[in-house]
file start_3.pdb (PDB, C-alpha atoms, pLDDT in the B column)
ATOM      1  CA  MET A 283    -179.622 198.412 -49.490  1.00 56.00           C
ATOM      2  CA  ASN A 284    -177.290 199.051 -46.602  1.00 71.00           C
ATOM      3  CA  PHE A 285    -175.328 195.836 -46.031  1.00 80.00           C
ATOM      4  CA  ARG A 286    -173.830 197.244 -42.836  1.00 78.00           C
ATOM      5  CA  ASN A 287    -177.184 196.625 -41.135  1.00 83.00           C
ATOM      6  CA  ILE A 288    -176.813 192.941 -41.981  1.00 90.00           C
ATOM      7  CA  VAL A 289    -173.058 192.382 -41.720  1.00 91.00           C
ATOM      8  CA  VAL A 290    -172.435 193.969 -38.303  1.00 89.00           C
ATOM      9  CA  PRO A 291    -174.949 191.782 -36.392  1.00 92.00           C
ATOM     10  CA  ILE A 292    -173.679 188.673 -38.206  1.00 94.00           C
ATOM     11  CA  LEU A 293    -170.094 189.543 -37.232  1.00 94.00           C
ATOM     12  CA  GLY A 294    -171.247 190.021 -33.639  1.00 93.00           C
ATOM     13  CA  VAL A 295    -172.845 186.567 -33.576  1.00 95.00           C
ATOM     14  CA  VAL A 296    -169.751 185.023 -35.184  1.00 95.00           C
ATOM     15  CA  ALA A 297    -167.529 186.705 -32.579  1.00 95.00           C
ATOM     16  CA  VAL A 298    -169.700 185.308 -29.756  1.00 95.00           C
ATOM     17  CA  VAL A 299    -169.546 181.810 -31.274  1.00 96.00           C
ATOM     18  CA  VAL A 300    -165.759 182.010 -31.681  1.00 95.00           C
ATOM     19  CA  GLY A 301    -165.456 183.277 -28.106  1.00 95.00           C
ATOM     20  CA  TYR A 302    -167.507 180.316 -26.863  1.00 95.00           C
ATOM     21  CA  GLN A 303    -165.501 177.794 -28.896  1.00 95.00           C
ATOM     22  CA  SER A 304    -162.187 179.262 -27.737  1.00 94.00           C
ATOM     23  CA  TYR A 305    -162.786 180.064 -24.066  1.00 93.00           C
ATOM     24  CA  GLY A 306    -166.241 178.736 -23.174  1.00 93.00           C
ATOM     25  CA  TRP A 307    -168.654 180.963 -21.295  1.00 94.00           C
ATOM     26  CA  SER A 308    -165.916 183.332 -20.197  1.00 96.00           C
ATOM     27  CA  GLY A 309    -165.196 183.970 -23.889  1.00 95.00           C
ATOM     28  CA  VAL A 310    -168.879 184.751 -24.470  1.00 96.00           C
ATOM     29  CA  ALA A 311    -168.809 187.171 -21.520  1.00 96.00           C
ATOM     30  CA  LEU A 312    -165.660 188.849 -22.848  1.00 96.00           C
ATOM     31  CA  VAL A 313    -167.001 189.262 -26.403  1.00 96.00           C
ATOM     32  CA  THR A 314    -170.411 190.409 -25.193  1.00 96.00           C
ATOM     33  CA  GLY A 315    -168.749 192.934 -22.884  1.00 97.00           C
ATOM     34  CA  GLY A 316    -166.709 194.249 -25.813  1.00 95.00           C
ATOM     35  CA  ILE A 317    -169.806 194.593 -27.995  1.00 95.00           C
ATOM     36  CA  VAL A 318    -171.704 196.394 -25.231  1.00 96.00           C
ATOM     37  CA  MET A 319    -168.748 198.742 -24.654  1.00 97.00           C
ATOM     38  CA  TRP A 320    -168.603 199.533 -28.387  1.00 95.00           C
ATOM     39  CA  MET A 321    -172.336 200.295 -28.419  1.00 95.00           C
ATOM     40  CA  LEU A 322    -172.028 202.503 -25.330  1.00 97.00           C
ATOM     41  CA  LEU A 323    -169.158 204.467 -26.887  1.00 97.00           C
ATOM     42  CA  HIS A 324    -171.234 205.206 -29.989  1.00 95.00           C
ATOM     43  CA  PHE A 325    -174.279 206.118 -27.902  1.00 96.00           C
ATOM     44  CA  THR A 326    -172.195 208.436 -25.708  1.00 97.00           C
ATOM     45  CA  ARG A 327    -170.709 210.167 -28.756  1.00 95.00           C
ATOM     46  CA  MET A 328    -174.150 210.658 -30.275  1.00 95.00           C
ATOM     47  CA  MET A 329    -175.538 212.103 -27.033  1.00 96.00           C
ATOM     48  CA  LYS A 330    -172.556 214.459 -26.650  1.00 95.00           C
ATOM     49  CA  VAL A 331    -172.995 215.775 -30.212  1.00 93.00           C
ATOM     50  CA  MET A 332    -176.712 216.289 -29.634  1.00 93.00           C
ATOM     51  CA  GLN A 333    -176.047 218.024 -26.301  1.00 93.00           C
ATOM     52  CA  ARG A 334    -173.633 220.480 -27.944  1.00 91.00           C
ATOM     53  CA  ALA A 335    -176.067 221.072 -30.812  1.00 91.00           C
ATOM     54  CA  SER A 336    -178.960 221.795 -28.459  1.00 89.00           C
ATOM     55  CA  GLY A 337    -177.349 225.032 -27.285  1.00 87.00           C
ATOM     56  CA  ARG A 338    -177.066 226.601 -30.739  1.00 89.00           C
ATOM     57  CA  PRO A 339    -179.580 227.848 -33.300  1.00 91.00           C
ATOM     58  CA  ILE A 340    -180.749 225.402 -35.953  1.00 92.00           C
ATOM     59  CA  GLY A 341    -178.729 225.728 -39.142  1.00 92.00           C
ATOM     60  CA  TYR A 342    -175.911 227.838 -37.673  1.00 93.00           C
ATOM     61  CA  THR A 343    -172.171 227.436 -38.172  1.00 93.00           C
ATOM     62  CA  ASP A 344    -169.282 229.654 -37.106  1.00 92.00           C
ATOM     63  CA  SER A 345    -167.816 229.772 -40.622  1.00 92.00           C
ATOM     64  CA  ALA A 346    -169.403 228.323 -43.744  1.00 92.00           C
ATOM     65  CA  VAL A 347    -166.099 228.649 -45.624  1.00 93.00           C
ATOM     66  CA  MET A 348    -164.226 226.576 -43.039  1.00 94.00           C
ATOM     67  CA  LEU A 349    -167.024 224.005 -42.983  1.00 93.00           C
ATOM     68  CA  ASN A 350    -166.801 223.749 -46.759  1.00 94.00           C
ATOM     69  CA  ALA A 351    -163.045 223.164 -46.489  1.00 94.00           C
ATOM     70  CA  VAL A 352    -163.283 220.239 -44.042  1.00 95.00           C
ATOM     71  CA  LEU A 353    -166.225 218.350 -45.540  1.00 94.00           C
ATOM     72  CA  LYS A 354    -165.502 215.041 -47.265  1.00 95.00           C
ATOM     73  CA  PRO A 355    -167.838 212.780 -49.225  1.00 94.00           C
ATOM     74  CA  GLY A 356    -169.111 209.775 -47.310  1.00 93.00           C
ATOM     75  CA  VAL A 357    -169.201 211.263 -43.809  1.00 94.00           C
ATOM     76  CA  ASN A 358    -172.474 210.875 -41.954  1.00 92.00           C
ATOM     77  CA  LEU A 359    -174.852 213.553 -40.702  1.00 91.00           C
ATOM     78  CA  LEU A 360    -173.716 213.086 -37.109  1.00 93.00           C
ATOM     79  CA  HIS A 361    -170.131 213.902 -38.140  1.00 94.00           C
ATOM     80  CA  VAL A 362    -171.242 217.126 -39.864  1.00 94.00           C
ATOM     81  CA  MET A 363    -173.289 218.040 -36.789  1.00 94.00           C
ATOM     82  CA  ALA A 364    -170.190 217.472 -34.659  1.00 93.00           C
ATOM     83  CA  LEU A 365    -168.215 219.838 -36.928  1.00 93.00           C
ATOM     84  CA  THR A 366    -170.826 222.602 -36.816  1.00 93.00           C
ATOM     85  CA  ARG A 367    -172.078 221.920 -33.289  1.00 93.00           C
ATOM     86  CA  ALA A 368    -175.586 222.617 -34.586  1.00 93.00           C
ATOM     87  CA  ILE A 369    -178.462 220.748 -36.150  1.00 92.00           C
ATOM     88  CA  GLY A 370    -178.843 221.615 -39.819  1.00 91.00           C
ATOM     89  CA  GLU A 371    -181.845 223.429 -41.242  1.00 93.00           C
ATOM     90  CA  GLN A 372    -183.702 220.756 -43.188  1.00 92.00           C
ATOM     91  CA  LEU A 373    -184.622 221.911 -46.689  1.00 93.00           C
ATOM     92  CA  SER A 374    -185.999 218.628 -48.039  1.00 90.00           C
ATOM     93  CA  GLU A 375    -189.233 216.939 -47.093  1.00 90.00           C
ATOM     94  CA  LYS A 376    -189.118 214.843 -43.941  1.00 89.00           C
ATOM     95  CA  ASP A 377    -187.968 211.229 -44.620  1.00 83.00           C
ATOM     96  CA  ALA A 378    -187.373 212.020 -48.316  1.00 87.00           C
ATOM     97  CA  GLN A 379    -184.197 210.897 -50.061  1.00 88.00           C
ATOM     98  CA  PRO A 380    -181.843 212.636 -50.574  1.00 90.00           C
ATOM     99  CA  GLU A 381    -181.942 214.693 -47.391  1.00 93.00           C
ATOM    100  CA  VAL A 382    -180.818 218.301 -47.791  1.00 95.00           C
ATOM    101  CA  PHE A 383    -179.573 220.393 -44.861  1.00 95.00           C
ATOM    102  CA  ARG A 384    -178.142 223.923 -44.686  1.00 96.00           C
ATOM    103  CA  TRP A 385    -175.794 225.630 -42.240  1.00 95.00           C
ATOM    104  CA  THR A 386    -175.456 229.454 -42.362  1.00 95.00           C
ATOM    105  CA  ASP A 387    -172.906 231.747 -40.706  1.00 93.00           C
ATOM    106  CA  ASN A 388    -173.175 235.385 -39.547  1.00 91.00           C
ATOM    107  CA  GLY A 389    -172.069 236.729 -42.952  1.00 89.00           C
ATOM    108  CA  GLN A 390    -175.024 234.968 -44.641  1.00 90.00           C
ATOM    109  CA  SER A 391    -172.700 232.502 -46.387  1.00 93.00           C
ATOM    110  CA  HIS A 392    -174.116 229.019 -46.245  1.00 95.00           C
ATOM    111  CA  VAL A 393    -173.247 225.420 -47.022  1.00 96.00           C
ATOM    112  CA  THR A 394    -176.000 223.199 -48.393  1.00 96.00           C
ATOM    113  CA  CYS A 395    -175.319 219.489 -47.885  1.00 95.00           C
ATOM    114  CA  GLU A 396    -177.038 216.577 -49.589  1.00 95.00           C
ATOM    115  CA  PHE A 397    -177.133 213.232 -47.781  1.00 94.00           C
ATOM    116  CA  ALA A 398    -178.149 209.941 -49.387  1.00 91.00           C
ATOM    117  CA  ASP A 399    -178.850 207.170 -46.869  1.00 86.00           C
ATOM    118  CA  GLY A 400    -177.239 209.277 -44.148  1.00 86.00           C
ATOM    119  CA  LYS A 401    -173.937 209.775 -46.011  1.00 92.00           C
ATOM    120  CA  LEU A 402    -172.758 213.084 -47.461  1.00 94.00           C
ATOM    121  CA  VAL A 403    -172.923 212.978 -51.251  1.00 95.00           C
ATOM    122  CA  LYS A 404    -172.340 216.584 -52.270  1.00 95.00           C
ATOM    123  CA  TRP A 405    -172.300 220.065 -50.837  1.00 95.00           C
ATOM    124  CA  THR A 406    -172.247 223.601 -52.171  1.00 95.00           C
ATOM    125  CA  LEU A 407    -170.954 226.819 -50.669  1.00 95.00           C
ATOM    126  CA  TYR A 408    -172.781 230.063 -51.307  1.00 94.00           C
ATOM    127  CA  ARG A 409    -171.124 233.376 -50.500  1.00 93.00           C
ATOM    128  CA  PRO A 410    -173.154 236.562 -50.925  1.00 90.00           C
ATOM    129  CA  PRO A 411    -171.664 239.170 -53.247  1.00 88.00           C
ATOM    130  CA  GLU A 412    -169.516 241.825 -51.610  1.00 80.00           C
ATOM    131  CA  THR A 413    -171.182 245.199 -51.345  1.00 72.00           C
ATOM    132  CA  ALA A 414    -169.168 248.259 -52.449  1.00 60.00           C
ATOM    133  CA  GLN A 415    -168.882 250.957 -49.829  1.00 62.00           C
TER     134      GLN A 415
END
call {"tool": "encode", "arguments": {"input": "start_3.pdb", "output": "structure tokens"}}
result
Amino acid sequence: MNFRNIVVPILGVVAVVVGYQSYGWSGVALVTGGIVMWMLLHFTRMMKVMQRASGRPIGYTDSAVMLNAVLKPGVNLLHVMALTRAIGEQLSEKDAQPEVFRWTDNGQSHVTCEFADGKLVKWTLYRPPETAQ
């Protein structure tokens, strides 16, 4: 269970109560304005990432090797989409856990990422064998 879905709203309510006890209704307005600003910042970031991803092919990255180098466990899918500037090609069933996405570059190298509850758990890099000329 994701406790963040429970803890964040509780902290918001506690902050509003503390704002009211400290400064009255102006404290409530200040805390509520801060919470709304925080929500708008996250929404704006999400929309910007999706806007950049809409202009690229699904599952594309400039360099799978560089993507492999910068990935870290625990980052969310939105962060990986921001790195690649593309939506990943979904390999798993829709709404199935874990979610598996793939990003491929022009050299047919690809990174396959596995997300559990929206967080990156593991990833693998595949590089095609070099052809002798």
call {"tool": "resolve_selection", "arguments": {"input": "start_3.pdb", "expression": "the PyMOL selection byres ((chain A and resi 382-390) around 12)", "output": "ChimeraX atom specification"}}
result
/A:338-350,359,362-363,365-381,391-413
call {"tool": "axis_aligned_box", "arguments": {"input": "start_3.pdb", "around": "range 312-321 of chain A", "padding_each_side": "4 Å", "output": "JSON"}}
result
{"center_x": -169.0, "center_y": 194.6, "center_z": -25.6, "size_x": 14.7, "size_y": 19.4, "size_z": 13.6}
call {"tool": "residues_around", "arguments": {"input": "start_3.pdb", "residues": "range 294-308 of chain A", "least_positions_apart": "5", "cutoff": "8 Å", "atoms": "only C-alpha atoms", "output": "ChimeraX atom specification"}}
result
/A:313-314,317
call {"tool": "closest_residue", "arguments": {"input": "start_3.pdb", "among": "A:Met319, A:Leu360, A:Leu353, A:Leu312", "to": "Val331 in chain A", "atoms": "all atoms listed in the file"}}
result
A:Leu360
call {"tool": "atom_distance", "arguments": {"input": "start_3.pdb", "atom1": "CA of Ser336 in chain A", "atom2": "CA of Ala364 in chain A"}}
result
11.6 Å
call {"tool": "atom_distance", "arguments": {"input": "start_3.pdb", "atom1": "CA of Ala351 in chain A", "atom2": "CA of Gln333 in chain A"}}
result
24.6 Å
call {"tool": "atom_distance", "arguments": {"input": "start_3.pdb", "atom1": "CA of His361 in chain A", "atom2": "CA of Met321 in chain A"}}
result
16.9 Å
